[in-house]
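Visitor: Just my_file_19.pdb, nothing more (PDB, C-alpha atoms):
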```pdb
ATOM      1  CA  MET A   1      -6.980 -22.570  -4.445
ATOM      2  CA  GLU A   2      -6.714 -21.159  -7.904
ATOM      3  CA  ILE A   3      -6.016 -17.629  -9.077
ATOM      4  CA  VAL A   4      -8.445 -16.633 -11.813
ATOM      5  CA  ASN A   5      -7.163 -13.109 -12.223
ATOM      6  CA  ALA A   6      -4.464 -11.624 -10.004
ATOM      7  CA  ASN A   7      -5.525  -8.106 -10.917
ATOM      8  CA  SER A   8      -9.168  -7.858 -11.862
ATOM      9  CA  ALA A   9      -9.604  -4.239 -10.723
ATOM     10  CA  SER A  10      -7.766  -1.440  -8.923
ATOM     11  CA  LEU A  11      -9.157  -0.028  -5.708
ATOM     12  CA  SER A  12      -8.650   3.453  -4.397
ATOM     13  CA  ASN A  13      -7.542   3.865  -0.793
ATOM     14  CA  LEU A  14     -10.972   5.271   0.013
ATOM     15  CA  GLU A  15     -12.742   2.111  -1.156
ATOM     16  CA  VAL A  16     -10.443  -0.099   0.885
ATOM     17  CA  PHE A  17     -10.809   2.162   3.912
ATOM     18  CA  LYS A  18     -14.613   2.013   3.780
ATOM     19  CA  HIS A  19     -14.693  -1.734   3.274
ATOM     20  CA  LEU A  20     -12.333  -2.392   6.175
ATOM     21  CA  GLN A  21     -14.317  -0.128   8.451
ATOM     22  CA  LYS A  22     -17.427  -2.136   7.663
ATOM     23  CA  ILE A  23     -15.562  -5.300   8.677
ATOM     24  CA  LYS A  24     -14.320  -3.674  11.859
ATOM     25  CA  ASP A  25     -17.789  -2.440  12.806
ATOM     26  CA  SER A  26     -19.514  -5.780  12.236
ATOM     27  CA  LYS A  27     -20.090  -7.491  15.540
ATOM     28  CA  ARG A  28     -19.020 -10.890  14.267
ATOM     29  CA  LYS A  29     -15.969 -12.445  15.853
ATOM     30  CA  HIS A  30     -13.062 -12.786  13.460
ATOM     31  CA  ARG A  31     -10.866 -15.829  13.495
ATOM     32  CA  GLY A  32      -7.287 -15.881  12.278
ATOM     33  CA  GLN A  33      -5.467 -12.702  11.399
ATOM     34  CA  LEU A  34      -8.286 -10.708   9.853
ATOM     35  CA  ALA A  35      -8.640  -8.472  12.904
ATOM     36  CA  THR A  36      -4.893  -7.707  12.953
ATOM     37  CA  ILE A  37      -4.565  -6.795   9.318
ATOM     38  CA  THR A  38      -7.781  -4.736   9.294
ATOM     39  CA  TYR A  39      -6.639  -2.796  12.339
ATOM     40  CA  GLU A  40      -3.163  -2.119  10.945
ATOM     41  CA  THR A  41      -4.386  -1.166   7.487
ATOM     42  CA  ILE A  42      -7.029   1.180   8.888
ATOM     43  CA  ARG A  43      -4.357   2.771  11.068
ATOM     44  CA  TYR A  44      -2.253   3.454   8.004
ATOM     45  CA  LEU A  45      -5.153   4.678   5.874
ATOM     46  CA  GLU A  46      -6.652   7.024   8.474
ATOM     47  CA  ASN A  47      -3.444   9.035   8.324
ATOM     48  CA  THR A  48      -3.664   9.426   4.559
ATOM     49  CA  PRO A  49      -5.847  11.953   2.724
ATOM     50  CA  CYS A  50      -8.411   9.245   1.940
ATOM     51  CA  ALA A  51      -9.800   9.538   5.473
ATOM     52  CA  ASP A  52     -11.369  12.879   4.498
ATOM     53  CA  GLU A  53     -12.486  11.937   1.001
ATOM     54  CA  THR A  54     -16.032  11.025   0.043
ATOM     55  CA  ASN A  55     -17.351   9.066  -2.931
ATOM     56  CA  GLU A  56     -18.755  12.289  -4.357
ATOM     57  CA  SER A  57     -15.576  14.346  -4.036
ATOM     58  CA  VAL A  58     -13.583  11.574  -5.720
ATOM     59  CA  LYS A  59     -16.076  11.181  -8.546
ATOM     60  CA  GLU A  60     -16.244  14.918  -9.195
ATOM     61  CA  CYS A  61     -12.482  15.263  -9.037
ATOM     62  CA  LEU A  62     -11.990  12.441 -11.551
ATOM     63  CA  LYS A  63     -14.437  14.159 -13.890
ATOM     64  CA  ALA A  64     -12.543  17.416 -13.573
ATOM     65  CA  LEU A  65      -9.213  15.695 -14.251
ATOM     66  CA  ALA A  66     -10.481  13.870 -17.361
ATOM     67  CA  PRO A  67      -9.399  16.509 -19.937
ATOM     68  CA  PHE A  68      -5.723  16.184 -18.987
ATOM     69  CA  ASN A  69      -5.193  12.798 -20.640
ATOM     70  CA  LEU A  70      -3.756  11.152 -17.579
ATOM     71  CA  ASN A  71      -3.698   7.374 -17.536
ATOM     72  CA  LYS A  72      -5.492   5.218 -15.002
ATOM     73  CA  THR A  73      -2.600   4.717 -12.586
ATOM     74  CA  GLU A  74      -1.775   8.421 -12.605
ATOM     75  CA  MET A  75      -5.391   9.268 -11.780
ATOM     76  CA  LEU A  76      -5.339   6.706  -8.990
ATOM     77  CA  MET A  77      -2.248   8.300  -7.444
ATOM     78  CA  MET A  78      -3.855  11.757  -7.680
ATOM     79  CA  ILE A  79      -6.791  10.434  -5.663
ATOM     80  CA  ASN A  80      -4.760   8.413  -3.170
ATOM     81  CA  SER A  81      -2.216  11.142  -2.470
ATOM     82  CA  PRO A  82      -3.520  14.418  -3.876
ATOM     83  CA  PRO A  83      -0.536  16.528  -4.991
ATOM     84  CA  ILE A  84      -0.204  20.014  -3.561
ATOM     85  CA  THR A  85       2.959  21.092  -5.372
ATOM     86  CA  ALA A  86       4.041  21.034  -9.024
ATOM     87  CA  LEU A  87       6.957  18.854  -7.949
ATOM     88  CA  GLU A  88       4.583  16.107  -6.796
ATOM     89  CA  ILE A  89       2.750  16.150 -10.119
ATOM     90  CA  GLN A  90       6.100  15.796 -11.848
ATOM     91  CA  LEU A  91       6.755  12.645  -9.822
ATOM     92  CA  MET A  92       3.385  11.074 -10.517
ATOM     93  CA  VAL A  93       3.005  11.867 -14.185
ATOM     94  CA  GLU A  94       5.516  10.291 -16.497
ATOM     95  CA  GLU A  95       7.214  12.772 -18.845
ATOM     96  CA  SER A  96       5.002  15.439 -17.347
ATOM     97  CA  GLU A  97       7.092  18.237 -18.828
ATOM     98  CA  GLU A  98       6.184  17.133 -22.332
ATOM     99  CA  ARG A  99       2.612  16.127 -21.624
ATOM    100  CA  LEU A 100       1.490  19.022 -19.454
ATOM    101  CA  THR A 101       2.074  22.743 -19.843
ATOM    102  CA  GLU A 102       2.810  24.867 -16.806
ATOM    103  CA  GLU A 103      -0.709  26.256 -16.934
ATOM    104  CA  GLN A 104      -2.170  22.763 -16.954
ATOM    105  CA  VAL A 105      -0.123  21.815 -13.893
ATOM    106  CA  GLN A 106      -1.504  24.891 -12.118
ATOM    107  CA  GLU A 107      -5.022  23.932 -13.198
ATOM    108  CA  ILE A 108      -4.599  20.426 -11.750
ATOM    109  CA  LEU A 109      -3.388  21.886  -8.464
ATOM    110  CA  GLU A 110      -6.428  24.176  -8.383
ATOM    111  CA  ILE A 111      -8.755  21.234  -9.041
ATOM    112  CA  ILE A 112      -7.174  19.298  -6.185
ATOM    113  CA  VAL A 113      -7.601  22.243  -3.824
ATOM    114  CA  ARG A 114     -11.226  22.618  -4.915
ATOM    115  CA  TYR A 115     -12.213  19.003  -4.265
ATOM    116  CA  PHE A 116      -9.847  18.090  -1.442
ATOM    117  CA  PRO A 117      -9.356  21.390   0.417
ATOM    118  CA  TYR A 118      -8.352  19.712   3.702
ATOM    119  CA  VAL A 119      -5.127  18.346   2.129
ATOM    120  CA  VAL A 120      -3.767  21.861   1.922
ATOM    121  CA  MET A 121      -5.212  22.830   5.283
ATOM    122  CA  LYS A 122      -3.533  19.897   6.989
ATOM    123  CA  GLU A 123      -0.199  20.847   5.507
ATOM    124  CA  ALA A 124      -0.586  24.373   6.893
ATOM    125  CA  ASP A 125      -1.510  22.992  10.307
ATOM    126  CA  GLU A 126       1.631  20.932  10.445
ATOM    127  CA  GLU A 127       3.777  23.928   9.630
ATOM    128  CA  ASP A 128       2.115  25.876  12.429
ATOM    129  CA  ASN A 129       2.851  23.101  14.869
ATOM    130  CA  GLU A 130       6.451  23.032  13.837
ATOM    131  CA  SER A 131       6.952  26.748  14.204
ATOM    132  CA  GLN A 132       5.433  26.569  17.676
ATOM    133  CA  GLU A 133       7.933  23.948  18.646
TER     134      GLU A 133
ATOM    135  CA  MET B   1      -1.684   0.329  -3.979
ATOM    136  CA  PHE B   2      -4.659  -1.985  -3.490
ATOM    137  CA  LEU B   3      -6.367  -4.155  -6.055
ATOM    138  CA  LEU B   4      -8.881  -6.953  -6.343
ATOM    139  CA  ALA B   5      -7.753 -10.483  -7.122
ATOM    140  CA  GLU B   6     -10.275 -12.981  -8.381
ATOM    141  CA  MET B   7      -9.819 -16.526  -7.036
ATOM    142  CA  LYS B   8     -11.525 -19.900  -6.935
ATOM    143  CA  ASN B   9     -11.517 -22.360  -4.073
ATOM    144  CA  VAL B  10     -13.294 -25.423  -2.767
ATOM    145  CA  THR B  11     -14.140 -24.442   0.783
ATOM    146  CA  ARG B  12     -14.736 -27.009   3.476
ATOM    147  CA  ILE B  13     -17.318 -26.110   6.107
ATOM    148  CA  LEU B  14     -17.385 -28.171   9.302
ATOM    149  CA  PRO B  15     -20.747 -29.399  10.624
ATOM    150  CA  GLU B  16     -20.386 -27.175  13.702
ATOM    151  CA  GLN B  17     -20.849 -24.174  11.391
ATOM    152  CA  PHE B  18     -23.967 -25.501   9.700
ATOM    153  CA  HIS B  19     -26.141 -23.243  11.826
ATOM    154  CA  MET B  20     -24.649 -20.208  10.076
ATOM    155  CA  LYS B  21     -25.667 -18.881   6.702
ATOM    156  CA  LEU B  22     -23.503 -20.571   4.063
ATOM    157  CA  ASN B  23     -22.250 -17.211   2.779
ATOM    158  CA  ASP B  24     -21.098 -16.098   6.217
ATOM    159  CA  ALA B  25     -19.478 -19.433   6.995
ATOM    160  CA  ILE B  26     -17.540 -19.369   3.712
ATOM    161  CA  ALA B  27     -16.560 -15.718   4.133
ATOM    162  CA  GLY B  28     -15.181 -16.505   7.579
ATOM    163  CA  GLU B  29     -13.299 -19.514   6.258
ATOM    164  CA  LEU B  30     -11.727 -17.559   3.367
ATOM    165  CA  ASN B  31     -10.712 -14.677   5.615
ATOM    166  CA  GLU B  32      -9.135 -17.058   8.087
ATOM    167  CA  LYS B  33      -7.208 -18.778   5.322
ATOM    168  CA  LEU B  34      -5.961 -15.693   3.464
ATOM    169  CA  ALA B  35      -6.041 -12.517   5.566
ATOM    170  CA  ASN B  36      -2.548 -11.159   6.283
ATOM    171  CA  LYS B  37      -0.921 -13.826   4.080
ATOM    172  CA  VAL B  38       1.202 -13.340   0.998
ATOM    173  CA  VAL B  39       0.065 -15.297  -2.055
ATOM    174  CA  LEU B  40       2.855 -15.934  -4.543
ATOM    175  CA  ASN B  41       2.736 -13.479  -7.450
ATOM    176  CA  VAL B  42      -0.494 -11.965  -6.159
ATOM    177  CA  GLY B  43       0.480  -9.857  -3.146
ATOM    178  CA  LEU B  44      -0.429  -9.401   0.519
ATOM    179  CA  CYS B  45      -4.057 -10.431   1.088
ATOM    180  CA  ILE B  46      -6.023  -8.019   3.270
ATOM    181  CA  ALA B  47      -9.705  -9.038   3.423
ATOM    182  CA  LEU B  48     -12.494 -10.669   1.427
ATOM    183  CA  TYR B  49     -14.210  -8.163  -0.867
ATOM    184  CA  ASP B  50     -17.161 -10.189  -2.158
ATOM    185  CA  ILE B  51     -18.299 -13.649  -3.193
ATOM    186  CA  LEU B  52     -19.033 -13.853  -6.912
ATOM    187  CA  SER B  53     -20.625 -17.271  -7.124
ATOM    188  CA  LEU B  54     -21.341 -20.371  -5.065
ATOM    189  CA  GLN B  55     -21.950 -23.767  -6.577
ATOM    190  CA  GLU B  56     -23.765 -26.679  -5.026
ATOM    191  CA  SER B  57     -22.305 -28.061  -1.815
ATOM    192  CA  TYR B  58     -21.202 -31.686  -1.630
ATOM    193  CA  ILE B  59     -20.747 -34.117   1.223
ATOM    194  CA  PHE B  60     -18.225 -36.877   0.607
ATOM    195  CA  PRO B  61     -18.414 -40.367   2.114
ATOM    196  CA  GLY B  62     -16.599 -40.509   5.429
ATOM    197  CA  ASP B  63     -16.538 -36.754   5.929
ATOM    198  CA  GLY B  64     -19.332 -34.827   7.621
ATOM    199  CA  ALA B  65     -18.151 -31.464   6.316
ATOM    200  CA  SER B  66     -19.623 -29.823   3.233
ATOM    201  CA  HIS B  67     -17.506 -28.763   0.274
ATOM    202  CA  THR B  68     -18.495 -25.805  -1.825
ATOM    203  CA  ARG B  69     -16.907 -24.432  -4.960
ATOM    204  CA  VAL B  70     -16.685 -20.669  -4.540
ATOM    205  CA  LYS B  71     -15.512 -17.809  -6.722
ATOM    206  CA  PHE B  72     -14.565 -14.675  -4.842
ATOM    207  CA  ARG B  73     -12.607 -11.431  -4.910
ATOM    208  CA  PHE B  74     -10.048 -10.507  -2.289
ATOM    209  CA  ILE B  75      -8.524  -7.111  -1.480
ATOM    210  CA  VAL B  76      -4.791  -7.381  -2.076
ATOM    211  CA  PHE B  77      -1.955  -4.982  -1.313
ATOM    212  CA  ARG B  78       0.252  -4.841  -4.365
ATOM    213  CA  PRO B  79       1.505  -1.432  -5.462
ATOM    214  CA  PHE B  80       2.353  -1.173  -9.131
ATOM    215  CA  ILE B  81       5.903  -0.526 -10.256
ATOM    216  CA  GLU B  82       6.595   3.244 -10.383
ATOM    217  CA  GLU B  83       3.891   3.981  -7.800
ATOM    218  CA  ILE B  84       4.648   6.731  -5.299
ATOM    219  CA  LEU B  85       3.953   5.693  -1.704
ATOM    220  CA  VAL B  86       4.374   7.343   1.680
ATOM    221  CA  GLY B  87       5.657   5.342   4.656
ATOM    222  CA  ARG B  88       7.720   5.618   7.800
ATOM    223  CA  ILE B  89      11.400   4.760   8.232
ATOM    224  CA  ARG B  90      11.695   1.605  10.337
ATOM    225  CA  SER B  91      15.468   1.484  10.559
ATOM    226  CA  CYS B  92      18.662   2.113   8.645
ATOM    227  CA  SER B  93      21.446  -0.383   7.992
ATOM    228  CA  GLN B  94      24.325  -0.934   5.614
ATOM    229  CA  GLU B  95      21.825  -2.560   3.231
ATOM    230  CA  GLY B  96      19.830   0.639   2.973
ATOM    231  CA  VAL B  97      16.766   2.248   4.470
ATOM    232  CA  HIS B  98      13.980  -0.031   5.711
ATOM    233  CA  VAL B  99      10.491   1.410   5.383
ATOM    234  CA  THR B 100       7.206   0.310   6.928
ATOM    235  CA  LEU B 101       3.579   1.077   6.127
ATOM    236  CA  GLY B 102       2.391  -0.396   9.435
ATOM    237  CA  PHE B 103       0.622  -3.354   7.894
ATOM    238  CA  PHE B 104       3.493  -4.135   5.519
ATOM    239  CA  GLU B 105       7.152  -3.901   6.537
ATOM    240  CA  ASP B 106       9.238  -5.510   3.832
ATOM    241  CA  ILE B 107      10.284  -2.446   1.905
ATOM    242  CA  VAL B 108      13.928  -1.576   1.404
ATOM    243  CA  ILE B 109      15.588   1.338  -0.330
ATOM    244  CA  PRO B 110      19.115   0.199  -1.294
ATOM    245  CA  PRO B 111      22.061   2.629  -0.895
ATOM    246  CA  THR B 112      22.332   3.072  -4.675
ATOM    247  CA  ALA B 113      18.754   4.374  -4.822
ATOM    248  CA  LEU B 114      19.213   7.072  -2.149
ATOM    249  CA  GLN B 115      19.728  10.749  -2.919
ATOM    250  CA  HIS B 116      23.240  11.329  -4.180
ATOM    251  CA  PRO B 117      25.644  11.680  -2.376
ATOM    252  CA  SER B 118      24.593   9.787   0.751
ATOM    253  CA  ARG B 119      26.678   8.120   3.455
ATOM    254  CA  PHE B 120      25.937   5.783   6.344
ATOM    255  CA  ASP B 121      26.635   7.273   9.753
ATOM    256  CA  GLU B 122      27.810   4.419  12.019
ATOM    257  CA  ASN B 123      27.359   6.396  15.260
ATOM    258  CA  GLU B 124      23.816   7.488  14.549
ATOM    259  CA  GLN B 125      22.964   4.333  12.605
ATOM    260  CA  ALA B 126      21.296   6.451   9.978
ATOM    261  CA  TRP B 127      21.775   7.361   6.340
ATOM    262  CA  VAL B 128      22.704  10.941   5.664
ATOM    263  CA  TRP B 129      22.118  12.923   2.488
ATOM    264  CA  GLU B 130      25.060  15.288   2.047
ATOM    265  CA  TYR B 131      23.075  18.034   0.442
ATOM    266  CA  ASP B 132      25.180  20.462  -1.575
ATOM    267  CA  THR B 133      24.044  23.961  -0.634
ATOM    268  CA  GLY B 134      25.595  25.393  -3.785
ATOM    269  CA  ASP B 135      28.308  27.498  -2.112
ATOM    270  CA  GLY B 136      30.701  24.607  -1.617
ATOM    271  CA  ASN B 137      29.287  23.673   1.762
ATOM    272  CA  LYS B 138      27.514  20.471   2.618
ATOM    273  CA  HIS B 139      24.390  20.219   4.687
ATOM    274  CA  ASP B 140      23.811  16.872   6.407
ATOM    275  CA  LEU B 141      20.223  15.641   6.154
ATOM    276  CA  PHE B 142      19.686  12.690   8.487
ATOM    277  CA  MET B 143      17.195   9.944   7.793
ATOM    278  CA  ASP B 144      16.157   8.933  11.303
ATOM    279  CA  ALA B 145      13.818   6.089  12.213
ATOM    280  CA  GLY B 146      10.195   7.191  12.531
ATOM    281  CA  GLU B 147      10.422   9.929   9.907
ATOM    282  CA  ILE B 148       7.820  10.006   7.146
ATOM    283  CA  ILE B 149       9.264   9.238   3.746
ATOM    284  CA  ARG B 150       7.943   9.351   0.196
ATOM    285  CA  PHE B 151       9.418   6.820  -2.235
ATOM    286  CA  ARG B 152       8.901   5.250  -5.619
ATOM    287  CA  VAL B 153       8.374   1.493  -5.923
ATOM    288  CA  THR B 154      10.948   0.181  -8.404
ATOM    289  CA  ALA B 155      10.798  -3.608  -8.044
ATOM    290  CA  GLU B 156       8.965  -6.452  -6.345
ATOM    291  CA  THR B 157      10.333  -9.872  -5.408
ATOM    292  CA  PHE B 158       8.231 -12.890  -4.522
ATOM    293  CA  ASN B 159       9.854 -15.833  -2.736
ATOM    294  CA  GLU B 160       8.411 -19.281  -2.323
ATOM    295  CA  THR B 161       8.453 -20.113   1.386
ATOM    296  CA  CYS B 162       6.555 -23.388   1.403
ATOM    297  CA  PRO B 163       7.796 -26.090   3.753
ATOM    298  CA  ALA B 164      10.211 -28.639   2.288
ATOM    299  CA  GLY B 165      10.499 -32.398   2.766
ATOM    300  CA  PRO B 166      12.044 -33.938   5.902
ATOM    301  CA  SER B 167      15.439 -34.716   4.303
ATOM    302  CA  SER B 168      16.431 -31.089   3.940
ATOM    303  CA  MET B 169      14.397 -29.951   6.942
ATOM    304  CA  GLN B 170      17.139 -28.357   8.995
ATOM    305  CA  GLU B 171      18.767 -26.194   6.391
ATOM    306  CA  THR B 172      15.485 -25.075   4.860
ATOM    307  CA  GLN B 173      14.155 -24.106   8.240
ATOM    308  CA  GLU B 174      17.070 -21.792   8.700
ATOM    309  CA  SER B 175      16.850 -20.280   5.257
ATOM    310  CA  ASN B 176      13.074 -19.989   5.501
ATOM    311  CA  GLU B 177      13.364 -17.832   8.565
ATOM    312  CA  ASN B 178      15.284 -15.219   6.629
ATOM    313  CA  LYS B 179      13.204 -15.549   3.520
ATOM    314  CA  ILE B 180      10.875 -12.680   2.807
ATOM    315  CA  PRO B 181       7.803 -13.803   0.846
ATOM    316  CA  TYR B 182       7.125 -10.421  -0.726
ATOM    317  CA  LEU B 183       9.782  -7.716  -0.838
ATOM    318  CA  LEU B 184       9.397  -4.272  -2.346
ATOM    319  CA  THR B 185      12.390  -2.269  -3.503
ATOM    320  CA  GLY B 186      12.082   1.494  -3.558
ATOM    321  CA  SER B 187      14.076   4.511  -4.633
ATOM    322  CA  ILE B 188      14.271   8.137  -3.508
ATOM    323  CA  ASN B 189      16.872   9.496  -5.952
ATOM    324  CA  GLU B 190      14.610  12.053  -7.597
ATOM    325  CA  PRO B 191      13.686  15.561  -6.536
ATOM    326  CA  GLY B 192      10.563  15.447  -4.368
ATOM    327  CA  LEU B 193      11.304  12.011  -2.936
ATOM    328  CA  GLY B 194      12.696  11.274   0.507
ATOM    329  CA  LEU B 195      11.649  12.751   3.838
ATOM    330  CA  LEU B 196       8.574  14.942   3.453
ATOM    331  CA  SER B 197      10.269  17.659   5.521
ATOM    332  CA  TRP B 198      13.033  18.040   2.917
ATOM    333  CA  TRP B 199      10.614  19.398   0.335
ATOM    334  CA  LYS B 200       8.180  21.311   2.548
ATOM    335  CA  ASN B 201       9.119  24.793   1.533
ATOM    336  CA  MET B 202       9.520  24.307  -2.178
TER     337      MET B 202
END
```
Can the structure from this file be put into structure tokens for me?

Guide:
Amino acid sequence: MEIVNANSASLSNLEVFKHLQKIKDSKRKHRGQLATITYETIRYLENTPCADETNESVKECLKALAPFNLNKTEMLMMINSPPITALEIQLMVEESEERLTEEQVQEILEIIVRYFPYVVMKEADEEDNESQE
Amino acid sequence: MFLLAEMKNVTRILPEQFHMKLNDAIAGELNEKLANKVVLNVGLCIALYDILSLQESYIFPGDGASHTRVKFRFIVFRPFIEEILVGRIRSCSQEGVHVTLGFFEDIVIPPTALQHPSRFDENEQAWVWEYDTGDGNKHDLFMDAGEIIRFRVTAETFNETCPAGPSSMQETQESNENKIPYLLTGSINEPGLGLLSWWKNM
């Protein structure tokens, strides 16, 4: 076996999730460890925000984020784990304090809420559960 | 955290699979060979993404199987350095905090990369962040197994684990057992990193 290119493209969690689900749903019998790794990876991914994303919401969100001059990996992180606080944006974006104004950070958070509303809803749910306990 | 790796291979298809479509037979063969395996300097292989090209198949004298040159792309788990990931704490030890993603378990956050100041609690077998509340008091924040944790990937280490010759068999077997083919090192010593519950109400 020969590696032509170890990194020919990046995939978002959503793309991987969809592809693995197709494999899982195909009736064919899988030999080796394919079934194990698909099952485990799907189990991880279905607990991440990507389970509620759609191709359209991701595309639209990327378009909306374009004016902020984020690089490719930063965009990818925004899609894979949409930030809901300014602190999370600070973690994802290198030197965010110099590159983004406070208003821009707020704008990004609003964009995320617009395209991935369930991220915020889920967070609220969890807090409810905790207070009940 | 996932990417596509482009690879080439000559795939051998046994006669008993000749009733299948060539594409399906090769896809099955590649998945069996690579799924859930670490390829050196590539990452953890998850599943075949697509086949880019197939060349003519050959049959060699003395072998009933067909051999086909194939170019394909595989889904690989390999987070980039500086990526922020979310996982679950598997266990704590003197070496640091061990984190799992479910399908990948070899992630360690060394003691020097924990929130400062942290100590290891021998009774609870857990790391504790001695959070300074600002009025001279300390608040102990435990990092128990099973908790959800957000961390930054700071380094990756690939180890060759191929079998060695018979002369050094015994010692290599022992060292191979402890060898981790693909190890990620993480850090949580920034605000916003660590257990998700620490930062909930910010």

Visitor: Show me a table, sorted first by chain and then by increasing residue number, of the residues of chain B having an atom at most 7 Å from chain A, each with its shortest atom pair and the distance in Å to one decimal, counting all atoms listed in the file and written as a tab-separated table.

Guide:
```
residue	atom	partner	partner_atom	distance
B:Phe2	CA	A:Leu11	CA	5.4
B:Leu3	CA	A:Ser10	CA	4.2
B:Leu4	CA	A:Ala9	CA	5.2
B:Ala5	CA	A:Ala6	CA	4.5
B:Glu6	CA	A:Asn5	CA	4.9
B:Met7	CA	A:Ile3	CA	4.5
B:Lys8	CA	A:Glu2	CA	5.1
B:Asn9	CA	A:Met1	CA	4.6
B:Asn31	CA	A:Leu34	CA	6.3
B:Glu32	CA	A:Gly32	CA	4.7
B:Ala35	CA	A:Leu34	CA	5.2
B:Asn36	CA	A:Ile37	CA	5.7
B:Val42	CA	A:Ala6	CA	5.5
B:Ile46	CA	A:Ile37	CA	6.3
B:Ala47	CA	A:Leu34	CA	6.8
B:Ile84	CA	A:Met92	CA	6.9
B:Leu101	CA	A:Tyr44	CA	6.6
B:Gly102	CA	A:Glu40	CA	6.0
B:Phe103	CA	A:Glu40	CA	5.0
B:Gly192	CA	A:Leu87	CA	6.1
```

Visitor: Please identify all polymer residues within 9 Å of region 22-30 of chain B, counting only C-alpha atoms, omitting same-chain residues fewer than 2 positions from it, and present them as a JSON list (two decimals) with C-alpha atoms, in the coordinates of the input.

Guide:
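Below you can see around-v1.json, which holds the result:
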```json
[["chain", "number", "residue", "atom", "x", "y", "z"],
["A", 30, "HIS", "CA", -13.06, -12.79, 13.46],
["A", 31, "ARG", "CA", -10.87, -15.83, 13.50],
["B", 9, "ASN", "CA", -11.52, -22.36, -4.07],
["B", 11, "THR", "CA", -14.14, -24.44, 0.78],
["B", 12, "ARG", "CA", -14.74, -27.01, 3.48],
["B", 13, "ILE", "CA", -17.32, -26.11, 6.11],
["B", 17, "GLN", "CA", -20.85, -24.17, 11.39],
["B", 18, "PHE", "CA", -23.97, -25.50, 9.70],
["B", 19, "HIS", "CA", -26.14, -23.24, 11.83],
["B", 20, "MET", "CA", -24.65, -20.21, 10.08],
["B", 32, "GLU", "CA", -9.14, -17.06, 8.09],
["B", 33, "LYS", "CA", -7.21, -18.78, 5.32],
["B", 34, "LEU", "CA", -5.96, -15.69, 3.46],
["B", 35, "ALA", "CA", -6.04, -12.52, 5.57],
["B", 47, "ALA", "CA", -9.70, -9.04, 3.42],
["B", 48, "LEU", "CA", -12.49, -10.67, 1.43],
["B", 50, "ASP", "CA", -17.16, -10.19, -2.16],
["B", 51, "ILE", "CA", -18.30, -13.65, -3.19],
["B", 54, "LEU", "CA", -21.34, -20.37, -5.07],
["B", 68, "THR", "CA", -18.50, -25.80, -1.82],
["B", 70, "VAL", "CA", -16.68, -20.67, -4.54]]
```

Visitor: What does the distance from CA of Asp144 (chain B) to CA of Leu184 (chain B) come to in Å, to one decimal?

Guide: 20.2 Å

Visitor: Could you name the residues that touch Ser66 (chain B) at 8 Å or less, counting all atoms listed in the file, but leaving out those on the same chain fewer than 5 positions away, as a ChimeraX atom specification?

Guide: /B:12-15,57-60

Visitor: One decimal, Å: what's the distance from CA of Ser91 (chain B) over to CA of Gly146 (chain B), could you say?

Guide: 8.0 Å

Visitor: I need every residue sitting at most 6 Å from the point (7.6, 6.8, 5.2) (coordinates as in the file, all atoms listed in the file considered), written as JSON, numbers by chain.

Guide: {"B": [86, 87, 88, 89, 148, 149, 150]}
